[in-house]
$ cat query.cif   # mmCIF, C-alpha atoms (C1' of nucleotides)
data_data
#
loop_
_atom_site.label_atom_id
_atom_site.label_comp_id
_atom_site.auth_asym_id
_atom_site.auth_seq_id
_atom_site.Cartn_x
_atom_site.Cartn_y
_atom_site.Cartn_z
CA MET A 1 22.95 3.17 8.09
CA THR A 2 21.87 4.14 11.53
CA ALA A 3 23.83 3.08 14.59
CA PRO A 4 26.81 0.73 14.43
CA THR A 5 25.30 -1.32 17.26
CA ASN A 6 22.93 -4.20 16.69
CA THR A 7 21.68 -5.45 20.04
CA PRO A 8 19.08 -8.21 20.50
CA ARG A 9 16.68 -5.62 21.83
CA LEU A 10 17.01 -3.58 18.66
CA GLN A 11 16.44 -6.63 16.52
CA GLN A 12 13.32 -7.38 18.51
CA ILE A 13 12.03 -3.86 17.95
CA ARG A 14 12.74 -4.12 14.25
CA ALA A 15 10.90 -7.45 14.02
CA VAL A 16 7.83 -5.97 15.68
CA ALA A 17 7.95 -2.87 13.49
CA GLU A 18 8.22 -5.03 10.40
CA ARG A 19 5.10 -6.93 11.33
CA LEU A 20 3.09 -3.87 12.29
CA PHE A 21 4.16 -1.91 9.20
CA ARG A 22 2.91 -4.79 7.10
CA ASP A 23 -0.32 -5.37 9.01
CA LYS A 24 -1.47 -1.75 9.35
CA GLY A 25 0.82 0.31 7.16
CA TYR A 26 3.72 2.51 8.25
CA LEU A 27 1.65 5.56 9.18
CA ALA A 28 -1.02 3.63 11.06
CA ALA A 29 1.51 1.77 13.17
CA SER A 30 2.38 4.06 16.08
CA MET A 31 5.55 4.12 18.13
CA ARG A 32 3.46 3.54 21.24
CA GLU A 33 2.08 0.36 19.72
CA ILE A 34 5.52 -0.88 18.75
CA ALA A 35 6.69 -0.15 22.28
CA ARG A 36 3.77 -2.00 23.82
CA GLU A 37 4.47 -5.08 21.71
CA VAL A 38 8.03 -5.24 23.01
CA ASP A 39 6.72 -4.75 26.57
CA MET A 40 7.72 -1.16 27.04
CA LYS A 41 5.31 1.10 28.87
CA GLY A 42 5.63 4.17 26.66
CA GLY A 43 6.85 5.07 23.22
CA GLY A 44 9.65 7.18 24.65
CA SER A 45 11.81 4.21 25.63
CA LEU A 46 12.25 3.26 22.00
CA TYR A 47 14.44 6.28 21.44
CA ALA A 48 17.21 4.73 23.50
CA HIS A 49 17.58 2.31 20.55
CA ILE A 50 16.69 4.29 17.47
CA ARG A 51 16.81 7.89 16.37
CA GLY A 52 13.34 7.94 14.87
CA LYS A 53 10.52 5.94 13.35
CA GLU A 54 11.82 6.36 9.84
CA ASP A 55 15.09 4.62 10.78
CA LEU A 56 13.09 1.48 11.43
CA LEU A 57 11.56 1.62 7.97
CA TRP A 58 14.92 2.38 6.42
CA ASP A 59 16.63 -0.59 8.04
CA ILE A 60 13.79 -2.93 7.10
CA VAL A 61 13.80 -1.73 3.51
CA ASN A 62 17.55 -2.28 3.25
CA ASP A 63 17.30 -5.76 4.74
CA ALA A 64 14.80 -6.60 2.03
CA THR A 65 17.00 -5.19 -0.71
CA ASP A 66 19.97 -7.18 0.57
CA ALA A 67 17.89 -10.34 0.59
CA PHE A 68 16.78 -9.92 -3.02
CA PHE A 69 20.35 -9.37 -4.20
CA ALA A 70 21.59 -12.28 -2.12
CA ALA A 71 19.05 -14.58 -3.77
CA LEU A 72 19.82 -13.42 -7.30
CA THR A 73 23.63 -13.32 -7.17
CA PRO A 74 24.39 -17.08 -7.27
CA THR A 75 21.92 -17.53 -10.14
CA LEU A 76 23.60 -14.79 -12.13
CA ALA A 77 27.02 -16.27 -11.46
CA GLY A 78 25.96 -19.72 -12.64
CA SER A 79 26.40 -21.04 -16.15
CA ASP A 80 22.87 -22.31 -16.77
CA ALA A 81 21.02 -21.70 -19.99
CA PRO A 82 18.99 -18.46 -19.90
CA ALA A 83 15.63 -20.18 -19.49
CA THR A 84 16.93 -22.19 -16.56
CA LYS A 85 18.53 -19.11 -15.10
CA LEU A 86 15.26 -17.23 -15.39
CA ARG A 87 13.34 -19.98 -13.66
CA ARG A 88 15.86 -20.09 -10.83
CA ALA A 89 15.71 -16.30 -10.51
CA MET A 90 11.93 -16.38 -10.34
CA ILE A 91 11.87 -19.10 -7.70
CA GLY A 92 14.51 -17.30 -5.64
CA HIS A 93 12.61 -14.04 -5.87
CA ILE A 94 9.36 -15.61 -4.68
CA LEU A 95 11.02 -17.51 -1.84
CA THR A 96 12.70 -14.31 -0.69
CA ILE A 97 9.28 -12.68 -0.50
CA THR A 98 7.63 -15.55 1.33
CA THR A 99 10.42 -15.78 3.92
CA HIS A 100 10.56 -11.99 4.44
CA LEU A 101 6.91 -10.99 4.20
CA GLY A 102 7.27 -7.98 6.46
CA ALA A 103 10.37 -6.70 4.75
CA ALA A 104 8.74 -7.32 1.38
CA ALA A 105 5.79 -5.13 2.35
CA ALA A 106 8.21 -2.33 3.21
CA TYR A 107 10.17 -2.93 0.00
CA PHE A 108 7.11 -2.81 -2.25
CA ASP A 109 4.60 -0.60 -0.47
CA GLU A 110 5.89 1.39 2.49
CA TRP A 111 9.12 2.77 1.02
CA ARG A 112 7.26 5.85 -0.19
CA HIS A 113 7.13 7.12 3.36
CA LEU A 114 10.90 7.50 3.35
CA ALA A 115 12.04 11.11 3.08
CA GLU A 116 14.68 12.18 0.61
CA PRO A 117 17.44 11.31 0.01
CA ARG A 118 16.72 7.85 1.34
CA ARG A 119 13.78 7.39 -0.95
CA SER A 120 15.87 7.95 -4.06
CA GLN A 121 18.72 5.85 -2.73
CA PHE A 122 16.35 2.96 -2.22
CA LEU A 123 14.75 3.29 -5.64
CA ALA A 124 18.16 3.33 -7.27
CA ARG A 125 19.07 0.04 -5.66
CA ARG A 126 15.73 -1.46 -6.59
CA ASP A 127 16.25 -0.35 -10.18
CA ASP A 128 19.65 -2.04 -10.17
CA TYR A 129 18.06 -5.28 -9.11
CA GLU A 130 15.37 -5.08 -11.76
CA ARG A 131 17.99 -4.34 -14.38
CA LEU A 132 19.97 -7.43 -13.42
CA PHE A 133 16.81 -9.49 -13.53
CA GLY A 134 15.88 -8.03 -16.90
CA GLU A 135 19.24 -8.97 -18.39
CA ILE A 136 18.39 -12.62 -17.91
CA VAL A 137 15.14 -12.09 -19.81
CA ALA A 138 16.85 -10.21 -22.63
CA ALA A 139 19.59 -12.83 -22.88
CA GLY A 140 17.00 -15.58 -23.09
CA MET A 141 15.20 -13.86 -25.93
CA ALA A 142 18.43 -13.11 -27.77
CA ALA A 143 19.48 -16.75 -27.48
CA GLY A 144 16.13 -17.89 -28.85
CA ASP A 145 15.50 -19.61 -25.53
CA LEU A 146 12.41 -17.49 -24.84
CA ARG A 147 9.66 -16.29 -27.14
CA PRO A 148 10.56 -12.96 -28.73
CA ALA A 149 8.83 -9.96 -27.14
CA ASP A 150 9.56 -6.52 -25.71
CA PRO A 151 12.14 -7.45 -23.05
CA ARG A 152 11.50 -4.43 -20.85
CA LEU A 153 7.76 -4.91 -20.80
CA THR A 154 8.12 -8.64 -20.31
CA THR A 155 10.46 -8.14 -17.35
CA LEU A 156 7.96 -5.72 -15.85
CA HIS A 157 5.20 -8.30 -16.22
CA ILE A 158 7.30 -11.08 -14.74
CA LEU A 159 8.54 -9.14 -11.74
CA SER A 160 5.20 -7.60 -10.91
CA SER A 161 3.56 -11.02 -11.16
CA LEU A 162 6.14 -12.46 -8.78
CA ASN A 163 5.83 -9.51 -6.41
CA ALA A 164 2.08 -9.95 -6.19
CA VAL A 165 2.60 -13.10 -4.15
CA ARG A 166 3.25 -10.92 -1.12
CA VAL A 167 -0.36 -9.78 -1.07
CA TRP A 168 -2.04 -13.10 -0.51
CA TYR A 169 0.57 -15.62 0.58
CA LYS A 170 -0.01 -16.93 4.11
CA PRO A 171 2.80 -18.94 5.74
CA GLU A 172 0.26 -20.94 7.74
CA GLY A 173 -1.88 -21.62 4.67
CA ARG A 174 -2.40 -24.87 2.78
CA LEU A 175 0.30 -24.12 0.21
CA SER A 176 4.02 -24.26 0.89
CA ALA A 177 6.15 -21.40 -0.38
CA GLN A 178 7.90 -23.82 -2.71
CA ALA A 179 4.58 -24.98 -4.16
CA VAL A 180 3.53 -21.38 -4.79
CA ALA A 181 6.88 -20.60 -6.38
CA ASP A 182 6.83 -23.66 -8.62
CA SER A 183 3.26 -23.11 -9.76
CA LEU A 184 3.83 -19.47 -10.64
CA ALA A 185 7.09 -20.27 -12.42
CA ASP A 186 5.27 -22.95 -14.42
CA LEU A 187 2.46 -20.57 -15.29
CA LEU A 188 4.84 -17.86 -16.48
CA MET A 189 7.06 -20.30 -18.34
CA HIS A 190 4.39 -22.35 -20.12
CA GLY A 191 1.16 -20.39 -19.91
CA LEU A 192 -2.43 -21.40 -19.33
CA CYS A 193 -3.15 -22.80 -22.75
CA CYS A 194 -2.67 -26.47 -23.65
CA MET B 1 -24.06 4.91 0.39
CA THR B 2 -23.59 8.41 1.74
CA ALA B 3 -25.83 11.23 0.63
CA PRO B 4 -28.43 10.81 -2.09
CA THR B 5 -27.08 13.93 -3.79
CA ASN B 6 -24.30 13.87 -6.33
CA THR B 7 -23.36 17.41 -7.23
CA PRO B 8 -20.53 18.37 -9.58
CA ARG B 9 -18.66 19.81 -6.61
CA LEU B 10 -18.82 16.49 -4.80
CA GLN B 11 -17.59 14.66 -7.86
CA GLN B 12 -14.69 17.07 -8.06
CA ILE B 13 -13.80 16.43 -4.43
CA ARG B 14 -13.95 12.70 -4.98
CA ALA B 15 -11.70 12.94 -8.03
CA VAL B 16 -9.09 14.87 -6.06
CA ALA B 17 -9.31 12.48 -3.13
CA GLU B 18 -8.89 9.54 -5.47
CA ARG B 19 -5.70 10.98 -6.88
CA LEU B 20 -4.24 11.97 -3.51
CA PHE B 21 -5.14 8.65 -1.88
CA ARG B 22 -3.25 6.94 -4.68
CA ASP B 23 -0.26 9.28 -4.70
CA LYS B 24 0.35 9.48 -0.94
CA GLY B 25 -1.88 6.90 0.67
CA TYR B 26 -5.15 7.45 2.50
CA LEU B 27 -3.63 8.41 5.84
CA ALA B 28 -1.00 10.73 4.40
CA ALA B 29 -3.55 12.66 2.33
CA SER B 30 -5.07 15.27 4.63
CA MET B 31 -8.46 16.89 4.37
CA ARG B 32 -6.77 20.28 4.23
CA GLU B 33 -4.79 19.17 1.20
CA ILE B 34 -7.88 17.85 -0.55
CA ALA B 35 -9.60 21.14 0.17
CA ARG B 36 -6.71 23.17 -1.19
CA GLU B 37 -6.73 21.19 -4.44
CA VAL B 38 -10.38 22.04 -5.01
CA ASP B 39 -9.63 25.69 -4.19
CA MET B 40 -11.11 25.78 -0.76
CA LYS B 41 -9.26 27.72 1.89
CA GLY B 42 -9.66 25.31 4.77
CA GLY B 43 -10.54 21.70 5.35
CA GLY B 44 -13.74 22.65 7.15
CA SER B 45 -15.62 23.52 3.98
CA LEU B 46 -15.45 19.93 2.80
CA TYR B 47 -17.91 18.91 5.48
CA ALA B 48 -20.71 20.69 3.67
CA HIS B 49 -20.38 17.90 1.07
CA ILE B 50 -19.35 14.82 2.99
CA ARG B 51 -19.78 13.46 6.48
CA GLY B 52 -16.18 12.41 6.92
CA LYS B 53 -12.96 11.39 5.25
CA GLU B 54 -13.82 7.73 5.28
CA ASP B 55 -16.92 8.37 3.17
CA LEU B 56 -14.64 9.49 0.37
CA LEU B 57 -12.69 6.25 0.52
CA TRP B 58 -15.88 4.24 0.73
CA ASP B 59 -17.40 5.83 -2.36
CA ILE B 60 -14.18 5.43 -4.33
CA VAL B 61 -13.86 1.79 -3.35
CA ASN B 62 -17.42 1.10 -4.43
CA ASP B 63 -16.95 2.86 -7.74
CA ALA B 64 -14.01 0.56 -8.38
CA THR B 65 -15.99 -2.53 -7.44
CA ASP B 66 -18.83 -1.49 -9.75
CA ALA B 67 -16.37 -0.96 -12.58
CA PHE B 68 -14.85 -4.43 -12.23
CA PHE B 69 -18.26 -6.08 -12.23
CA ALA B 70 -19.38 -3.98 -15.17
CA ALA B 71 -16.39 -5.11 -17.18
CA LEU B 72 -16.81 -8.78 -16.35
CA THR B 73 -20.57 -9.15 -16.77
CA PRO B 74 -20.83 -9.06 -20.60
CA THR B 75 -17.96 -11.54 -20.86
CA LEU B 76 -19.70 -13.93 -18.50
CA ALA B 77 -22.97 -13.60 -20.40
CA GLY B 78 -21.30 -14.35 -23.74
CA SER B 79 -21.09 -17.80 -25.31
CA ASP B 80 -17.37 -17.85 -26.12
CA ALA B 81 -15.19 -20.86 -25.43
CA PRO B 82 -13.65 -20.77 -21.95
CA ALA B 83 -10.16 -19.79 -23.16
CA THR B 84 -11.58 -16.92 -25.17
CA LYS B 85 -13.74 -15.90 -22.24
CA LEU B 86 -10.74 -15.91 -19.97
CA ARG B 87 -8.73 -13.75 -22.32
CA ARG B 88 -11.60 -11.26 -22.60
CA ALA B 89 -11.97 -11.21 -18.82
CA MET B 90 -8.25 -10.56 -18.36
CA ILE B 91 -8.21 -7.74 -20.91
CA GLY B 92 -11.30 -6.17 -19.37
CA HIS B 93 -9.83 -6.39 -15.89
CA ILE B 94 -6.61 -4.70 -16.94
CA LEU B 95 -8.38 -1.96 -18.88
CA THR B 96 -10.59 -1.27 -15.88
CA ILE B 97 -7.47 -0.78 -13.79
CA THR B 98 -5.73 1.45 -16.30
CA THR B 99 -8.78 3.67 -16.76
CA HIS B 100 -9.48 3.88 -13.00
CA LEU B 101 -5.99 4.03 -11.53
CA GLY B 102 -7.03 6.02 -8.47
CA ALA B 103 -10.01 3.82 -7.73
CA ALA B 104 -7.88 0.73 -8.30
CA ALA B 105 -5.40 1.91 -5.67
CA ALA B 106 -8.25 2.25 -3.20
CA TYR B 107 -9.66 -1.12 -4.25
CA PHE B 108 -6.37 -2.96 -3.84
CA ASP B 109 -4.44 -1.05 -1.18
CA GLU B 110 -6.36 1.57 0.76
CA TRP B 111 -9.52 -0.39 1.61
CA ARG B 112 -7.91 -1.59 4.83
CA HIS B 113 -8.43 1.86 6.33
CA LEU B 114 -12.18 1.34 6.17
CA ALA B 115 -13.72 0.67 9.57
CA GLU B 116 -16.11 -2.19 10.12
CA PRO B 117 -18.63 -3.07 8.85
CA ARG B 118 -17.65 -1.40 5.61
CA ARG B 119 -14.40 -3.27 5.43
CA SER B 120 -16.10 -6.66 5.52
CA GLN B 121 -18.81 -5.54 3.12
CA PHE B 122 -16.20 -4.54 0.61
CA LEU B 123 -14.19 -7.74 0.97
CA ALA B 124 -17.33 -9.79 0.45
CA ARG B 125 -18.03 -8.06 -2.85
CA ARG B 126 -14.42 -8.46 -3.92
CA ASP B 127 -14.59 -12.14 -3.08
CA ASP B 128 -17.70 -12.45 -5.24
CA TYR B 129 -15.88 -10.96 -8.17
CA GLU B 130 -12.90 -13.25 -7.73
CA ARG B 131 -15.21 -16.23 -7.53
CA LEU B 132 -16.89 -15.29 -10.80
CA PHE B 133 -13.50 -14.86 -12.40
CA GLY B 134 -12.33 -18.18 -11.02
CA GLU B 135 -15.30 -20.01 -12.49
CA ILE B 136 -14.06 -19.16 -15.96
CA VAL B 137 -10.68 -20.65 -15.11
CA ALA B 138 -12.22 -23.79 -13.63
CA ALA B 139 -14.54 -24.20 -16.62
CA GLY B 140 -11.61 -23.88 -18.99
CA MET B 141 -9.68 -26.58 -17.22
CA ALA B 142 -12.71 -28.86 -17.02
CA ALA B 143 -13.30 -28.45 -20.76
CA GLY B 144 -9.67 -29.29 -21.49
CA ASP B 145 -9.30 -25.80 -22.92
CA LEU B 146 -6.63 -24.88 -20.37
CA ARG B 147 -3.77 -26.90 -18.96
CA PRO B 148 -4.86 -28.83 -15.85
CA ALA B 149 -3.75 -27.26 -12.56
CA ASP B 150 -5.11 -26.20 -9.19
CA PRO B 151 -7.89 -23.83 -10.30
CA ARG B 152 -7.94 -21.79 -7.09
CA LEU B 153 -4.21 -21.23 -7.06
CA THR B 154 -4.15 -20.52 -10.77
CA THR B 155 -6.92 -17.94 -10.42
CA LEU B 156 -4.97 -16.31 -7.61
CA HIS B 157 -1.88 -16.13 -9.80
CA ILE B 158 -3.78 -14.72 -12.76
CA LEU B 159 -5.67 -12.06 -10.83
CA SER B 160 -2.69 -10.93 -8.80
CA SER B 161 -0.61 -10.71 -11.97
CA LEU B 162 -3.27 -8.58 -13.61
CA ASN B 163 -3.68 -6.41 -10.53
CA ALA B 164 0.03 -5.68 -10.43
CA VAL B 165 -0.35 -3.50 -13.51
CA ARG B 166 -1.69 -0.75 -11.26
CA VAL B 167 1.71 -0.34 -9.64
CA TRP B 168 3.71 0.68 -12.66
CA TYR B 169 1.32 1.62 -15.45
CA LYS B 170 1.59 5.27 -16.47
CA PRO B 171 -1.14 6.69 -18.74
CA GLU B 172 1.35 9.12 -20.25
CA GLY B 173 3.96 6.42 -20.83
CA ARG B 174 5.14 4.86 -24.07
CA LEU B 175 2.72 1.92 -23.84
CA SER B 176 -1.00 2.13 -24.44
CA ALA B 177 -3.28 0.40 -21.97
CA GLN B 178 -4.38 -1.95 -24.74
CA ALA B 179 -0.77 -2.88 -25.52
CA VAL B 180 -0.12 -3.63 -21.85
CA ALA B 181 -3.30 -5.69 -21.63
CA ASP B 182 -2.56 -7.68 -24.78
CA SER B 183 1.04 -8.40 -23.82
CA LEU B 184 0.13 -9.61 -20.34
CA ALA B 185 -2.72 -11.71 -21.68
CA ASP B 186 -0.32 -13.26 -24.20
CA LEU B 187 2.24 -13.96 -21.51
CA LEU B 188 -0.27 -15.63 -19.22
CA MET B 189 -1.88 -17.57 -22.05
CA HIS B 190 1.24 -18.85 -23.81
CA GLY B 191 4.14 -18.36 -21.41
CA LEU B 192 7.72 -17.26 -21.89
CA CYS B 193 9.05 -20.45 -23.39
CA CYS B 194 9.19 -21.09 -27.12
"C1'" DG C 1 17.60 1.28 29.44
"C1'" DT C 2 13.13 2.30 31.03
"C1'" DC C 3 10.00 5.20 33.26
"C1'" DT C 4 6.77 9.45 33.49
"C1'" DA C 5 5.68 13.72 31.91
"C1'" DT C 6 5.59 16.85 28.37
"C1'" DA C 7 6.81 19.78 24.24
"C1'" DT C 8 5.33 20.48 19.57
"C1'" DA C 9 2.92 19.74 15.47
"C1'" DA C 10 -0.58 17.87 12.76
"C1'" DT C 11 -4.91 15.65 12.17
"C1'" DG C 12 -10.28 15.05 11.53
"C1'" DA C 13 -14.09 17.41 12.63
"C1'" DT C 14 -17.32 21.25 14.43
"C1'" DA C 15 -19.38 26.11 15.32
"C1'" DG C 16 -21.02 30.23 13.84
"C1'" DA C 17 -20.57 34.49 10.80
"C1'" DC C 18 -21.56 35.75 6.19
"C1'" DG D 1 -21.48 26.73 0.48
"C1'" DT D 2 -17.41 28.83 2.11
"C1'" DC D 3 -14.94 31.25 5.43
"C1'" DT D 4 -12.26 31.67 10.02
"C1'" DA D 5 -11.43 30.02 14.33
"C1'" DT D 6 -11.16 26.35 17.31
"C1'" DC D 7 -11.81 21.88 19.81
"C1'" DA D 8 -10.27 17.33 20.85
"C1'" DT D 9 -7.24 13.85 19.74
"C1'" DT D 10 -3.24 11.76 18.37
"C1'" DA D 11 1.29 11.60 16.64
"C1'" DT D 12 6.65 11.76 16.93
"C1'" DA D 13 9.99 13.02 19.74
"C1'" DT D 14 12.46 14.95 23.97
"C1'" DA D 15 13.78 15.84 29.12
"C1'" DG D 16 15.06 14.34 33.34
"C1'" DA D 17 14.43 11.06 37.36
"C1'" DC D 18 15.79 6.50 38.58
#
$ encode --input "query.cif" --output "C-alpha cells"
Amino acid sequence: MTAPTNTPRLQQIRAVAERLFRDKGYLAASMREIAREVDMKGGGSLYAHIRGKEDLLWDIVNDATDAFFAALTPTLAGSDAPATKLRRAMIGHILTITTHLGAAAAYFDEWRHLAEPRRSQFLARRDDYERLFGEIVAAGMAAGDLRPADPRLTTLHILSSLNAVRVWYKPEGRLSAQAVADSLADLLMHGLCC
Amino acid sequence: MTAPTNTPRLQQIRAVAERLFRDKGYLAASMREIAREVDMKGGGSLYAHIRGKEDLLWDIVNDATDAFFAALTPTLAGSDAPATKLRRAMIGHILTITTHLGAAAAYFDEWRHLAEPRRSQFLARRDDYERLFGEIVAAGMAAGDLRPADPRLTTLHILSSLNAVRVWYKPEGRLSAQAVADSLADLLMHGLCC
DNA sequence: GTCTATATAATGATAGAC
DNA sequence: GTCTATCATTATATAGAC
C-alpha cells in the first residue's frame, strides 16, 4: 500500500518499471531510465508520483500475487474431481504468468530486493498460495485420482515446473500461451513415456 | 579465460563470490563484501588476484557450463535405449545443479550481467548443451520410446522443469539430491495420473 | 507535475607504502 | 599480497524555481 491515488501517469510508470525490472533486473534498472522511458527529463520527476523505487517493486509484486489468487479461486470453489481441478489450476497458473510476464519476474525473482517487513509479508502470501495449490494435489492423491507420492515434494515439482515458463515464453513467439499451457499440463499429467 | 594461474587464494575468492552472487545477486554483492568474507580488509586487495568483478562471474559461469557438459557426455556416449538415456540425462542434470548451486545460479540467472562478447559466447555454449539434450528427446520420440509431441517444446519443458530445482533445493534439507532427482524424473516420465 | 541542480552514499577500480 | 587512501562514476532521493 502506497498512495491511495492511482492516476494514469502512475500506471504508465509502473508498466515501464515492470518491463525494465524484468529485462535488466531491479538493481540494474535505474530511476533515470524509467523516467526517460516515460518521457521525463530527469529521475527527480518520478518522485511526484512515488515515494521511492522500492514502492514500484512492491506494487508490482502485489499485483502479481493478486493475479495468481484471482486465477486459482474459481477453480478451488468448483466441484470438479481433483485431477480436473489440478489441471485447471495448472493452466490458470501458466496463463497468469504469460499474461503478466513483468509482474511474474518480480514475483519470482526480484522480490528479494524488498526490505523487511515487506519481504516477509510477500513470502507469507506466496506461501498461502502454494499451500492452497498443494491441497488440490494432496486431495487428488488421497482420492486415488493421482499416483501416490510425497504431496509436498510433488507440489514443489509441479509449481516450479509451471513457474519456469516465465523464463523462456515469448508472447510474439510461434506458440500461443494456451498451447504452452496445454502441453505442459499434458506432460505433467501423463508423462513422457508411452 | 582470465589468468593462467589458479592459486588456492583465487579459488577461495571464487567460492565466496559464487555464494554471494547466488544469495544476493551479482549486482548486490559488492567487492568489499567479497573481500571481507575472505578476511581482507578492503576491496582493493582483490585486484591482486583478478582483473575485475566480471571475471569472477565469467569463471563461475564457465565452471557451470563445463559441469553440465561433463555430466551429459558419458550418457550420450552410452548405448542405452532413448528413454533410459533421457532419464540418466535428467538425473545427471539435476545432480549437477544440486552439487553446484552457486554456479547454477550464475548459469541460469546472473549471466545477463556479462558484457559482450562474453554474454553471447556463454549463450552459444548453453544452446549447444540444450541441443544435445534435445536430441535425446527427439530420438526417443522417433523410436516410439516416448509419447509423440513437439520435440522442441517438450525439451524446453523438461529442461526448465529440471532447472527449477535450483530455486528451492536446500542441501541441508530433509530431501537428498538423489531423492529429488529420482522423484522429478519419475514425475516427468510417468506423470501425475494413475 | 516537471524541470534543473544537488545532496548523500555506495560502487568498481587504482596508486603507492610496506 | 595486503594495506590505506582515494579517484571517478553512478545511484536514489531531495530542494526549489516555474
$ resolve_selection --input "query.cif" --expression "the PyMOL selection byres ((chain A and resi 104-116) around 10)" --output "PyMOL selection string"
(chain A and resi 18-19+21-23+25-27+54-55+57-65+67-68+96-103+117-123+126+163-164+166-167) or (chain B and resi 23-25+28+109+167)
$ resolve_selection --input "query.cif" --expression "the PyMOL selection byres ((chain D) within 8 of (chain A))" --output "list in words"
DA11, DT12 and DA13 of chain D
$ resolve_selection --input "query.cif" --expression "the PyMOL selection byres ((chain B) within 7 of (chain A))" --output "VMD selection string"
chain B and resid 27 145 to 147 157 160 to 161 164 184 187 to 194
$ closest_atom_pairs --input "query.cif" --of "chain C" --to "chain B" --cutoff "9 Å" --atoms "all atoms listed in the file" --output "JSON lines"
{"residue": "C:DT11", "atom": "C1'", "partner": "B:Ser30", "partner_atom": "CA", "distance": 7.6}
{"residue": "C:DG12", "atom": "C1'", "partner": "B:Met31", "partner_atom": "CA", "distance": 7.6}
{"residue": "C:DA13", "atom": "C1'", "partner": "B:Gly44", "partner_atom": "CA", "distance": 7.6}
{"residue": "C:DT14", "atom": "C1'", "partner": "B:Gly44", "partner_atom": "CA", "distance": 8.2}
$ axis_aligned_box --input "query.cif" --around "region 2-10 of chain D" --padding-each-side "5 Å" --output "JSON"
{"center_x": -10.3, "center_y": 21.7, "center_z": 11.5, "size_x": 24.2, "size_y": 29.9, "size_z": 28.7}
$ atom_distance --input "query.cif" --atom1 "C1' of DT10 (chain D)" --atom2 "CA of Ile50 (chain A)"
21.3 Å
$ atom_distance --input "query.cif" --atom1 "CA of Met40 (chain B)" --atom2 "CA of Glu172 (chain B)"
28.5 Å
$ atom_distance --input "query.cif" --atom1 "CA of Lys85 (chain A)" --atom2 "CA of Ser176 (chain A)"
22.2 Å
$ residues_around --input "query.cif" --residues "DT2 (chain D)" --least-positions-apart "4" --cutoff "10 Å" --atoms "all atoms listed in the file" --output "JSON, numbers by chain"
{"B": [40, 41, 42, 44, 45, 46, 48], "C": [18]}
